[in-house]
file query-v4.txt (compact mmCIF, C-alpha atoms)
# COMPACT_ATOMS: atom_id res chain seq x y z
CA MET A 29 143.18 103.61 93.42
CA PRO A 30 141.70 101.50 96.20
CA SER A 31 138.84 99.34 94.97
CA ARG A 32 136.19 101.29 96.88
CA ALA A 33 137.16 104.48 95.08
CA ARG A 34 137.17 102.58 91.81
CA ARG A 35 133.66 101.41 92.45
CA ARG A 36 132.53 104.95 93.10
CA VAL A 37 134.12 106.11 89.86
CA ALA A 38 132.35 103.33 88.02
CA LEU A 39 129.00 104.38 89.42
CA ALA A 40 129.75 108.01 88.71
CA VAL A 41 130.46 107.00 85.14
CA LEU A 42 127.11 105.25 85.08
CA ALA A 43 125.38 108.36 86.37
CA ALA A 44 127.25 110.83 84.19
CA PRO A 45 125.29 110.43 80.96
CA LEU A 46 122.15 111.46 82.78
CA ALA A 47 123.51 114.68 84.35
CA GLY A 48 123.80 117.83 82.33
CA CYS A 49 125.66 121.07 82.73
CA ALA A 50 126.03 124.30 80.82
CA VAL A 51 128.37 126.93 82.08
CA TRP A 52 128.63 129.81 79.64
CA ARG A 53 125.10 130.21 78.38
CA ASP A 54 121.76 130.38 80.16
CA PRO A 55 121.25 127.06 81.92
CA PRO A 56 118.57 125.03 80.12
CA GLN A 57 115.66 125.37 82.54
CA THR A 58 116.08 129.12 82.99
CA ALA A 59 116.26 129.58 79.24
CA ALA A 60 113.07 127.59 78.78
CA LEU A 61 111.23 129.51 81.49
CA VAL A 62 112.27 132.91 80.28
CA GLY A 63 111.64 131.96 76.68
CA ARG A 64 108.02 130.93 77.07
CA ALA A 65 105.43 131.91 79.66
CA PRO A 66 104.38 128.71 81.47
CA ALA A 67 100.61 128.37 81.59
CA GLY A 68 99.03 129.52 84.81
CA LEU A 69 102.26 130.58 86.47
CA PRO A 70 102.12 134.08 87.93
CA ARG A 71 104.99 136.33 86.81
CA ARG A 72 105.88 137.24 90.36
CA VAL A 73 105.25 135.65 93.78
CA GLU A 74 106.77 136.20 97.20
CA LEU A 75 105.85 134.32 100.37
CA ASP A 76 106.78 137.14 102.69
CA ALA A 77 105.30 135.47 105.77
CA THR A 78 107.82 132.61 105.67
CA PRO A 79 109.71 132.75 108.98
CA PHE A 80 113.41 133.49 108.92
CA PHE A 81 116.00 131.87 111.14
CA ALA A 82 119.51 133.21 110.75
CA GLN A 83 121.86 130.30 110.59
CA THR A 84 124.69 129.81 113.03
CA GLU A 85 127.97 128.19 111.99
CA TYR A 86 127.14 125.20 109.78
CA HIS A 87 123.52 125.07 110.73
CA CYS A 88 122.05 126.16 107.43
CA GLY A 89 120.17 122.86 107.31
CA PRO A 90 118.35 123.29 110.62
CA ALA A 91 117.70 126.97 109.86
CA ALA A 92 116.18 126.19 106.46
CA LEU A 93 114.15 123.34 107.91
CA ALA A 94 112.84 125.53 110.71
CA GLY A 95 111.77 128.12 108.14
CA ALA A 96 109.85 125.63 106.03
CA LEU A 97 108.23 123.98 109.04
CA GLY A 98 107.26 127.35 110.48
CA ALA A 99 105.60 128.28 107.20
CA ALA A 100 103.62 125.04 107.40
CA GLY A 101 102.42 125.92 110.88
CA LEU A 102 104.68 123.41 112.61
CA ALA A 103 106.86 125.68 114.69
CA ALA A 104 110.33 124.42 115.51
CA GLN A 105 113.56 126.05 116.63
CA PRO A 106 116.78 125.42 114.69
CA GLU A 107 118.58 124.41 117.88
CA THR A 108 116.09 121.64 118.56
CA LEU A 109 116.26 120.47 114.97
CA ALA A 110 120.05 120.65 114.93
CA ALA A 111 120.21 118.12 117.72
CA GLN A 112 118.28 115.74 115.47
CA VAL A 113 119.69 116.41 112.02
CA PHE A 114 123.12 117.99 112.33
CA LEU A 115 126.17 115.73 112.18
CA PRO A 116 129.14 117.39 113.86
CA ALA A 117 131.60 115.01 112.22
CA ARG A 118 130.33 115.97 108.79
CA GLN A 119 129.83 119.62 109.74
CA GLY A 120 126.50 119.57 108.04
CA THR A 121 123.20 117.90 107.53
CA LEU A 122 122.64 115.00 105.22
CA GLN A 123 119.78 115.28 102.77
CA ALA A 124 118.13 112.17 104.16
CA GLU A 125 118.29 113.73 107.62
CA MET A 126 116.56 116.89 106.40
CA LEU A 127 113.63 114.77 105.20
CA ALA A 128 113.62 112.66 108.36
CA GLY A 129 113.82 115.78 110.52
CA ALA A 130 110.78 117.27 108.79
CA ARG A 131 108.85 114.05 109.24
CA ARG A 132 109.69 113.78 112.92
CA GLN A 133 108.20 117.25 113.39
CA GLY A 134 104.94 116.09 111.84
CA ALA A 135 105.37 117.33 108.28
CA VAL A 136 105.14 115.24 105.13
CA ALA A 137 108.41 115.93 103.30
CA ALA A 138 108.11 115.22 99.58
CA LEU A 139 110.89 115.49 97.02
CA LEU A 140 110.05 117.62 94.01
CA PRO A 141 110.77 117.01 90.32
CA GLY A 142 114.19 118.40 89.37
CA GLU A 143 112.73 121.23 87.32
CA LEU A 144 112.92 124.92 88.03
CA GLU A 145 109.33 125.35 86.86
CA ALA A 146 108.18 122.85 89.51
CA LEU A 147 109.85 124.88 92.24
CA LEU A 148 108.22 128.08 91.05
CA ARG A 149 104.81 126.39 90.86
CA GLU A 150 105.18 125.26 94.47
CA VAL A 151 105.98 128.79 95.55
CA ALA A 152 103.01 130.06 93.55
CA ALA A 153 100.88 127.50 95.44
CA GLY A 154 102.03 129.03 98.74
CA HIS A 155 104.62 126.37 99.62
CA PRO A 156 108.18 127.51 100.38
CA VAL A 157 110.72 125.04 99.03
CA VAL A 158 113.86 123.81 100.81
CA VAL A 159 116.66 123.61 98.26
CA LEU A 160 120.19 122.28 98.30
CA GLN A 161 122.79 124.33 96.51
CA ASN A 162 126.44 123.84 95.72
CA LEU A 163 127.78 127.37 95.99
CA ALA A 164 131.24 126.46 94.72
CA LEU A 165 132.64 123.99 92.23
CA PRO A 166 131.74 120.39 91.50
CA VAL A 167 135.18 119.25 92.64
CA VAL A 168 135.29 121.50 95.68
CA PRO A 169 131.66 121.66 96.75
CA ARG A 170 130.20 124.09 99.23
CA TRP A 171 126.86 122.67 100.19
CA HIS A 172 124.17 125.00 101.40
CA TYR A 173 120.52 124.66 102.30
CA ALA A 174 118.21 127.58 101.69
CA VAL A 175 114.48 128.23 101.43
CA LEU A 176 113.02 129.44 98.16
CA VAL A 177 110.25 131.90 99.03
CA GLY A 178 109.76 133.95 95.90
CA TYR A 179 110.59 134.61 92.28
CA ASP A 180 110.20 137.29 89.61
CA LEU A 181 110.16 136.03 86.04
CA ASP A 182 110.44 139.49 84.51
CA ALA A 183 113.40 140.48 86.67
CA GLY A 184 114.82 136.97 86.23
CA GLU A 185 115.33 136.54 89.96
CA VAL A 186 114.56 134.26 92.88
CA VAL A 187 114.22 135.19 96.54
CA LEU A 188 115.69 132.95 99.22
CA ARG A 189 115.87 132.81 102.99
CA SER A 190 119.56 132.01 103.06
CA GLY A 191 122.26 131.98 105.69
CA THR A 192 122.04 135.21 107.64
CA THR A 193 120.12 137.06 104.91
CA ARG A 194 116.38 137.23 105.24
CA ARG A 195 115.84 138.27 101.65
CA ALA A 196 118.63 137.03 99.43
CA THR A 197 118.01 137.63 95.74
CA LEU A 198 119.80 135.59 93.14
CA SER A 199 119.51 135.60 89.37
CA LEU A 200 117.51 132.68 88.02
CA ARG A 201 120.47 131.44 86.05
CA THR A 202 122.87 131.52 89.00
CA PHE A 203 120.31 129.80 91.15
CA GLU A 204 119.83 127.10 88.52
CA HIS A 205 123.61 126.55 88.26
CA THR A 206 124.03 126.15 92.00
CA TRP A 207 120.96 123.97 92.25
CA ALA A 208 121.97 121.80 89.28
CA ARG A 209 125.36 121.22 90.88
CA ALA A 210 123.49 119.86 93.89
CA GLY A 211 121.60 117.36 91.77
CA HIS A 212 118.40 119.41 91.49
CA TRP A 213 117.45 118.44 95.01
CA ALA A 214 114.48 120.15 96.62
CA PHE A 215 111.55 119.30 98.88
CA VAL A 216 108.46 120.79 100.46
CA ALA A 217 107.38 120.12 104.02
CA LEU A 218 103.61 120.29 104.39
CA VAL A 219 101.05 119.39 107.01
CA PRO A 220 99.51 115.99 106.36
CA GLY A 221 96.40 116.46 104.27
CA ARG A 222 97.98 119.07 102.03
CA LEU A 223 99.43 117.97 98.71
CA PRO A 224 102.34 119.63 96.90
CA ALA A 225 101.44 121.20 93.58
CA THR A 226 104.02 119.28 91.61
CA ALA A 227 105.10 116.11 93.40
CA GLY A 228 104.23 113.02 91.42
CA GLU A 229 102.49 109.89 92.65
CA ALA A 230 105.71 107.98 93.26
CA SER A 231 107.36 110.80 95.18
CA MET A 232 104.26 111.35 97.29
CA THR A 233 103.90 107.64 98.01
CA GLN A 234 107.53 107.46 99.06
CA ALA A 235 107.06 110.50 101.28
CA LEU A 236 103.94 109.10 102.95
CA VAL A 237 105.41 105.65 103.55
CA ALA A 238 108.41 107.27 105.24
CA PHE A 239 106.08 109.60 107.18
CA GLU A 240 103.95 106.69 108.38
CA ARG A 241 106.97 105.19 110.15
CA VAL A 242 107.39 108.10 112.53
CA ALA A 243 104.08 109.91 112.55
CA ALA A 244 101.03 109.57 114.74
CA PRO A 245 98.57 107.23 112.99
CA ALA A 246 95.89 109.92 112.61
CA ALA A 247 98.39 112.16 110.82
CA GLY A 248 99.55 109.33 108.58
CA LEU A 249 95.91 108.59 107.78
CA ARG A 250 95.20 112.19 106.78
CA GLY A 251 98.18 112.12 104.46
CA TYR A 252 97.22 108.84 102.81
CA GLU A 253 93.54 109.77 102.44
CA THR A 254 94.36 113.01 100.67
CA ALA A 255 96.83 111.29 98.35
CA LEU A 256 94.42 108.43 97.64
CA ALA A 257 91.75 110.94 96.67
CA ARG A 258 94.23 112.40 94.20
CA TRP A 259 95.46 109.00 92.90
CA PRO A 260 92.54 106.63 93.50
CA ALA A 261 94.04 103.76 91.51
CA SER A 262 97.00 103.30 93.83
CA LEU A 263 97.04 100.05 95.78
CA THR A 264 99.89 101.23 97.98
CA LEU A 265 98.09 104.37 99.08
CA ALA A 266 94.94 102.37 99.75
CA VAL A 267 96.90 99.93 101.92
CA GLY A 268 98.39 102.94 103.69
CA VAL A 269 94.88 104.16 104.54
CA GLY A 270 93.94 100.74 105.87
CA ASN A 271 97.07 100.32 107.97
CA THR A 272 96.84 103.77 109.52
CA LEU A 273 93.12 103.27 110.24
CA HIS A 274 94.05 100.15 112.15
CA ALA A 275 96.94 101.82 113.95
CA ALA A 276 94.63 104.69 114.88
CA GLY A 277 92.39 102.25 116.73
CA ARG A 278 89.66 101.99 114.10
CA PRO A 279 89.78 98.30 113.18
CA ARG A 280 86.22 98.06 111.84
CA ALA A 281 86.77 100.92 109.43
CA ALA A 282 90.13 99.37 108.49
CA LEU A 283 88.49 96.01 107.81
CA ASP A 284 85.80 97.49 105.56
CA HIS A 285 88.42 99.52 103.74
CA PHE A 286 90.74 96.54 103.18
CA GLU A 287 87.89 94.44 101.82
CA ARG A 288 86.91 97.18 99.36
CA THR A 289 90.55 97.62 98.37
CA ALA A 290 91.08 93.88 97.98
CA ARG A 291 88.06 93.57 95.70
CA ARG A 292 89.02 96.56 93.61
CA HIS A 293 92.62 95.49 93.04
CA ALA A 294 92.30 91.70 93.40
CA SER A 295 95.05 92.12 95.97
CA ALA A 296 96.17 89.21 98.11
CA ALA A 297 97.96 91.60 100.47
CA ALA A 298 94.76 93.55 101.10
CA TRP A 299 92.81 90.32 101.67
CA ILE A 300 95.43 89.14 104.15
CA ASN A 301 95.22 92.37 106.11
CA ALA A 302 91.42 92.17 106.00
CA GLY A 303 91.55 88.62 107.30
CA THR A 304 94.04 89.50 110.02
CA ILE A 305 91.85 92.30 111.32
CA ALA A 306 88.67 90.21 111.02
CA LEU A 307 90.36 87.57 113.16
CA GLU A 308 91.31 90.21 115.73
CA LEU A 309 87.68 91.27 115.88
CA GLY A 310 86.60 87.65 116.30
CA GLN A 311 84.81 87.53 112.95
CA ARG A 312 86.11 84.12 111.94
CA ARG A 313 83.93 83.47 108.92
CA ARG A 314 84.86 86.82 107.43
CA ALA A 315 88.52 86.14 108.21
CA ARG A 316 88.36 82.71 106.63
CA ASP A 317 86.73 84.09 103.51
CA ALA A 318 89.47 86.71 103.16
CA ALA A 319 92.24 84.18 103.71
CA ALA A 320 90.70 81.85 101.13
CA ARG A 321 90.57 84.63 98.57
CA ALA A 322 94.19 85.55 99.31
CA LEU A 323 95.23 81.92 98.79
CA ALA A 324 93.25 81.75 95.55
CA ILE A 325 95.13 84.77 94.18
CA GLY A 326 98.47 83.24 95.10
CA GLY A 327 101.69 84.98 94.14
CA GLU A 328 104.25 86.51 96.46
CA TRP A 329 101.92 86.70 99.48
CA ASN A 330 101.16 83.00 99.47
CA ASP A 331 103.15 82.19 102.60
CA ALA A 332 101.49 84.98 104.54
CA ALA A 333 98.07 83.82 103.31
CA ARG A 334 98.77 80.28 104.40
CA ALA A 335 99.99 81.44 107.80
CA LEU A 336 96.81 83.45 108.24
CA MET A 337 94.64 80.47 107.34
CA GLN A 338 96.52 78.36 109.89
CA ARG A 339 95.95 80.96 112.58
CA ILE A 340 92.25 81.04 111.77
CA ASP A 341 91.94 77.28 111.91
CA VAL A 342 94.03 76.86 115.05
CA ARG A 343 92.15 79.29 117.23
CA PRO A 344 90.25 77.33 119.84
CA ARG A 345 86.48 77.35 119.67
CA PRO A 346 84.14 78.93 120.63
CA ASP A 347 84.93 82.32 119.03
CA MET B 29 114.36 54.45 129.29
CA LYS B 30 111.44 53.87 127.04
CA LYS B 31 109.02 55.23 129.59
CA THR B 32 111.12 58.39 130.06
CA SER B 33 111.48 59.02 126.36
CA ARG B 34 107.74 58.55 125.96
CA LEU B 35 107.14 61.06 128.68
CA VAL B 36 109.51 63.49 127.05
CA ALA B 37 107.86 62.96 123.68
CA THR B 38 104.43 63.57 125.16
CA PHE B 39 105.67 66.69 126.92
CA VAL B 40 107.23 68.05 123.74
CA ALA B 41 104.11 67.29 121.74
CA ALA B 42 101.96 69.01 124.33
CA SER B 43 104.25 72.06 124.35
CA VAL B 44 104.13 72.37 120.61
CA ALA B 45 100.37 72.06 120.59
CA TYR B 46 100.09 74.64 123.35
CA ALA B 47 102.45 77.01 121.55
CA GLY B 48 100.22 76.67 118.52
CA MET B 49 97.28 77.88 120.53
CA LEU B 50 99.28 80.85 121.79
CA HIS B 51 99.04 82.59 118.40
CA THR B 52 97.84 86.00 119.37
CA ALA B 53 95.34 87.84 117.25
CA GLN B 54 97.88 90.66 117.12
CA ALA B 55 99.69 89.20 114.11
CA ALA B 56 101.34 91.96 112.16
CA LEU B 57 99.61 93.41 109.13
CA ILE B 58 101.47 93.51 105.83
CA GLY B 59 103.17 96.91 105.98
CA THR B 60 102.62 99.68 103.45
CA ALA B 61 106.33 99.71 102.62
CA GLU B 62 106.21 96.01 101.72
CA VAL B 63 103.30 96.58 99.38
CA ALA B 64 105.09 99.57 97.85
CA THR B 65 108.14 97.42 97.16
CA ALA B 66 105.97 94.71 95.60
CA GLU B 67 104.20 97.36 93.50
CA ARG B 68 107.62 98.65 92.43
CA VAL B 69 107.01 102.19 93.58
CA PRO B 70 110.33 103.88 92.79
CA GLY B 71 112.27 105.19 95.74
CA VAL B 72 110.40 103.17 98.34
CA GLY B 73 111.50 100.13 100.23
CA ASP B 74 114.19 97.74 99.22
CA ALA B 75 116.25 99.15 96.36
CA ARG B 76 117.86 95.78 95.88
CA ALA B 77 114.50 94.05 95.41
CA GLN B 78 113.47 96.71 92.94
CA VAL B 79 116.65 96.45 90.88
CA LEU B 80 116.38 92.69 90.83
CA SER B 81 112.77 92.84 89.76
CA THR B 82 113.71 95.21 86.92
CA LEU B 83 116.32 92.69 85.88
CA ALA B 84 113.73 89.93 86.01
CA ARG B 85 111.48 91.73 83.54
CA ALA B 86 110.94 89.62 80.45
CA ASP B 87 111.94 92.37 78.04
CA VAL B 88 115.11 93.25 79.96
CA ALA B 89 116.16 89.62 80.28
CA ARG B 90 115.54 89.08 76.56
CA ALA B 91 117.48 92.19 75.59
CA LEU B 92 120.41 91.10 77.73
CA ALA B 93 120.38 87.62 76.22
CA GLU B 94 120.35 89.17 72.75
CA ARG B 95 123.61 90.86 73.66
CA GLY B 96 125.10 87.61 74.87
CA VAL B 97 124.89 88.68 78.51
CA ASP B 98 123.84 86.17 81.13
CA PRO B 99 121.20 87.77 83.43
CA ALA B 100 122.36 85.42 86.20
CA GLN B 101 125.79 87.06 86.10
CA VAL B 102 124.24 90.51 86.37
CA ARG B 103 122.12 89.30 89.26
CA ALA B 104 125.23 88.04 91.05
CA ARG B 105 126.85 91.40 90.43
CA VAL B 106 123.87 93.26 91.92
CA ASP B 107 123.84 90.93 94.92
CA ALA B 108 127.45 91.82 95.56
CA LEU B 109 126.87 95.57 95.65
CA SER B 110 126.60 97.34 98.95
CA ASP B 111 123.25 98.83 100.00
CA ALA B 112 124.40 102.32 99.14
CA GLU B 113 125.60 101.26 95.71
CA VAL B 114 122.35 99.46 94.97
CA ALA B 115 120.40 102.53 95.99
CA GLN B 116 122.49 104.62 93.62
CA LEU B 117 122.01 102.11 90.85
CA GLN B 118 118.26 102.19 91.42
CA GLN B 119 118.32 105.98 91.20
CA THR B 120 120.21 105.83 87.93
CA ILE B 121 117.69 103.42 86.50
CA ASP B 122 114.81 105.57 87.79
CA SER B 123 116.16 108.67 86.14
CA ALA B 124 116.23 107.01 82.74
CA PRO B 125 113.83 109.50 81.18
CA ALA B 126 110.36 108.05 81.13
CA GLY B 127 108.80 108.23 77.71
CA ALA B 128 112.18 108.39 76.00
CA SER B 129 112.38 106.31 72.87
CA ASP B 130 114.81 103.78 74.27
CA VAL B 131 114.26 103.46 78.00
CA LEU B 132 114.79 99.72 77.71
CA GLY B 133 118.09 100.34 75.95
CA VAL B 134 119.24 102.62 78.73
CA ILE B 135 118.36 100.09 81.40
CA VAL B 136 120.11 97.29 79.54
CA PHE B 137 123.14 99.54 79.03
CA ILE B 138 123.31 100.20 82.76
CA PHE B 139 123.26 96.48 83.56
CA VAL B 140 125.84 95.64 80.92
CA LEU B 141 128.10 98.43 82.16
CA LEU B 142 127.79 97.07 85.66
CA LEU B 143 129.14 93.76 84.45
CA ILE B 144 131.90 95.35 82.40
CA THR B 145 133.17 97.46 85.27
CA ASP B 146 133.86 94.25 87.12
CA ILE B 147 135.64 92.67 84.17
CA LEU B 148 137.75 95.78 83.73
CA GLY B 149 139.00 95.42 87.28
CA LEU B 150 137.14 98.44 88.62
CA THR B 151 135.75 96.07 91.19
CA LYS B 152 136.68 92.60 92.21
CA ILE B 153 133.58 90.51 92.72
CA PHE B 154 134.23 87.51 90.55
CA PRO B 155 137.43 85.70 91.43
CA PHE B 156 137.75 84.20 87.99
CA THR B 157 137.60 87.35 85.88
CA ARG B 158 141.06 88.57 85.04
CA SER B 159 141.32 92.32 84.67
CA VAL B 160 142.72 93.68 81.43
CA ARG B 161 145.95 95.32 82.43

call {"tool": "encode", "arguments": {"input": "query-v4.txt", "output": "structure tokens"}}
result
Amino acid sequence: MPSRARRRVALAVLAAPLAGCAVWRDPPQTAALVGRAPAGLPRRVELDATPFFAQTEYHCGPAALAGALGAAGLAAQPETLAAQVFLPARQGTLQAEMLAGARRQGAVAALLPGELEALLREVAAGHPVVVLQNLALPVVPRWHYAVLVGYDLDAGEVVLRSGTTRRATLSLRTFEHTWARAGHWAFVALVPGRLPATAGEASMTQALVAFERVAAPAAGLRGYETALARWPASLTLAVGVGNTLHAAGRPRAALDHFERTARRHASAAAWINAGTIALELGQRRRARDAAARALAIGGEWNDAARALMQRIDVRPRPD
Amino acid sequence: MKKTSRLVATFVAASVAYAGMLHTAQAALIGTAEVATAERVPGVGDARAQVLSTLARADVARALAERGVDPAQVRARVDALSDAEVAQLQQTIDSAPAGASDVLGVIVFIFVLLLITDILGLTKIFPFTRSVR
């Protein structure tokens, strides 16, 4: 075997202990769901208003994405999306491209926990979920993107917008098998300012940082503010608020925010950003104070703190 | 000659001083992604930096040493992985079930396995390791 293939086998071996599969009995998550009634989860939900786009050829990715975006109020046509996300050479859409495609259209795309219950909770919260399925075998995969829009715990079924079928029903267990073979991959695409029901802090932070790169600053800000309200102890989210405030042309608000954040977290990075903005605004004493605090904290941002201090000192008087 | 070199020196000094004053106030802010990487938010930013910082953890380094494994060797191994492989390694480490009784053990196992796969000839990073054939 060529060494590249060997390396892949080695990594697959590393990953194998953490993947599970059951073929002949109820897959684990379905069994758990059917066995007990999860608290607060309605027995039956269907998001009938989710738009449907019949896929063409290999464009299940763009079709699914268009459906999810449409449900979020961000209308997009599969053809437009296909130009951005579809790779003709691969005859499909990479998962990373699905997320990027959603973000470019102004939606925050957040990966969900790999649990069936999480997917159902999202649907119950009114959020259709884009899922990846492997409709065939692990060794001969047939990848397929679909949109989960409903479920019925008593009937043991899910409802998908899938392929050319507006209302495709699948048994919970079959769905779980196909979804498990695709690594339990699923995401929601929501307008900034709306949080998924089940995405954790790390997943949401990851989603917002990626969103910030391509989104309009005001949209990025809305996303970060909502997430920070939910997870107020997060330094990263707080920095996100500050950076998007600045990018949105609100430097004074950004400065105040960075100073508050820096004090709360004793964060050199936040002090440096505060000092940088203070310098921009010509408030040299405030900038100097921030830079001094950043230097006092030390650590990995020391070089940046020193560079800031030099910039403050070098600027010709008067200010 | 001396006069010319003095002139040149003065010119260079003046240019450097001038360049110093050209620092614009538009210096870049520390990006959110950089902070996320420093805060070790899983899935964000540089997977390589995250894996290396996991390796640098005191408890991980100690556990490796207890097994007679040199963390420096593992670090070299991680450095030699491609970006895609590092990302996959980071994902594997991330999916070590949080709250499980032996998360540290799982992480250490992953790093040790990484080293072993090289020794077994599944990869060829270290020129001096001879594969068992």

call {"tool": "residues_around", "arguments": {"input": "query-v4.txt", "residues": "Ala164 (chain A)", "least_positions_apart": "3", "cutoff": "12 Å", "atoms": "all atoms listed in the file", "output": "PyMOL selection string"}}
result
chain A and resi 161+167-172+202-203+205-210

call {"tool": "atom_distance", "arguments": {"input": "query-v4.txt", "atom1": "CA of Pro220 (chain A)", "atom2": "CA of His274 (chain A)"}}
result
17.7 Å

call {"tool": "residues_around", "arguments": {"input": "query-v4.txt", "residues": "Pro90 (chain A)", "least_positions_apart": "2", "cutoff": "8 Å", "atoms": "only C-alpha atoms", "output": "list in words"}}
result
Gln83, His87, Cys88, Ala92, Leu93, Ala94, Pro106, Glu107, Leu109, Ala110, Val113, Phe114, Thr121 and Met126 of chain A

call {"tool": "atom_distance", "arguments": {"input": "query-v4.txt", "atom1": "CA of Arg90 (chain B)", "atom2": "CA of Ile325 (chain A)"}}
result
27.3 Å

call {"tool": "atom_distance", "arguments": {"input": "query-v4.txt", "atom1": "CA of Val106 (chain B)", "atom2": "CA of Gln119 (chain B)"}}
result
13.9 Å

call {"tool": "residues_around", "arguments": {"input": "query-v4.txt", "residues": "Gln118 (chain B)", "least_positions_apart": "5", "cutoff": "9 Å", "atoms": "only C-alpha atoms", "output": "ChimeraX atom specification"}}
result
/B:70-71,75-76,78-79,113,123

call {"tool": "residues_near_point", "arguments": {"input": "query-v4.txt", "point": "(101.3, 133.0, 89.0)", "cutoff": "12 Å", "atoms": "only C-alpha atoms", "output": "list in words"}}
result
Ala65, Pro66, Ala67, Gly68, Leu69, Pro70, Arg71, Arg72, Val73, Glu74, Glu145, Leu148, Arg149, Glu150, Val151, Ala152, Ala153, Gly154, Gly178, Tyr179, Asp180 and Leu181 of chain A

call {"tool": "closest_atom_pairs", "arguments": {"input": "query-v4.txt", "of": "region 182-290 of chain A", "to": "region 304-320 of chain A", "cutoff": "12 Å", "atoms": "all atoms listed in the file", "output": "Markdown table"}}
result
| residue | atom | partner | partner_atom | distance |
| --- | --- | --- | --- | --- |
| A:Gly270 | CA | A:Ile305 | CA | 10.3 |
| A:Asn271 | CA | A:Ile305 | CA | 10.1 |
| A:Leu273 | CA | A:Ile305 | CA | 11.1 |
| A:His274 | CA | A:Ile305 | CA | 8.2 |
| A:Ala275 | CA | A:Ile305 | CA | 11.1 |
| A:Gly277 | CA | A:Ile305 | CA | 11.3 |
| A:Arg278 | CA | A:Ile305 | CA | 10.3 |
| A:Pro279 | CA | A:Ile305 | CA | 6.6 |
| A:Arg280 | CA | A:Leu309 | CA | 8.0 |
| A:Ala281 | CA | A:Ile305 | CA | 10.2 |
| A:Ala282 | CA | A:Ile305 | CA | 7.8 |
| A:Leu283 | CA | A:Ile305 | CA | 6.1 |
| A:Asp284 | CA | A:Ala306 | CA | 9.5 |
| A:His285 | CA | A:Ile305 | CA | 11.0 |
| A:Phe286 | CA | A:Ile305 | CA | 9.2 |
| A:Glu287 | CA | A:Ala318 | CA | 8.0 |
| A:Arg288 | CA | A:Ala318 | CA | 11.4 |
| A:Thr289 | CA | A:Ala318 | CA | 12.0 |
| A:Ala290 | CA | A:Ala318 | CA | 9.0 |

call {"tool": "closest_residue", "arguments": {"input": "query-v4.txt", "among": "B:Val69, B:Glu62, B:Arg105, B:Val97", "to": "chain A", "atoms": "only C-alpha atoms"}}
result
B:Val69

call {"tool": "closest_residue", "arguments": {"input": "query-v4.txt", "among": "B:Gln116, B:Leu92, B:Asp107, B:Leu142", "to": "Ala77 (chain B)", "atoms": "only C-alpha atoms"}}
result
B:Asp107

call {"tool": "closest_residue", "arguments": {"input": "query-v4.txt", "among": "A:Ala246, A:Leu97, A:Arg241, A:His293", "to": "Val267 (chain A)", "atoms": "only C-alpha atoms"}}
result
A:His293

call {"tool": "residues_near_point", "arguments": {"input": "query-v4.txt", "point": "(102.5, 100.0, 103.4)", "cutoff": "9 Å", "atoms": "all atoms listed in the file", "output": "NGL selection string"}}
result
(:A and (237 or 240 or 264-271)) or (:B and (58-65))

call {"tool": "closest_residue", "arguments": {"input": "query-v4.txt", "among": "B:Thr120, B:Val134, B:Pro99, B:Leu83", "to": "chain A", "atoms": "all atoms listed in the file"}}
result
B:Thr120

call {"tool": "closest_residue", "arguments": {"input": "query-v4.txt", "among": "B:Ala91, B:Leu117, B:Ala86, B:Ala104", "to": "Val136 (chain B)", "atoms": "only C-alpha atoms"}}
result
B:Ala91
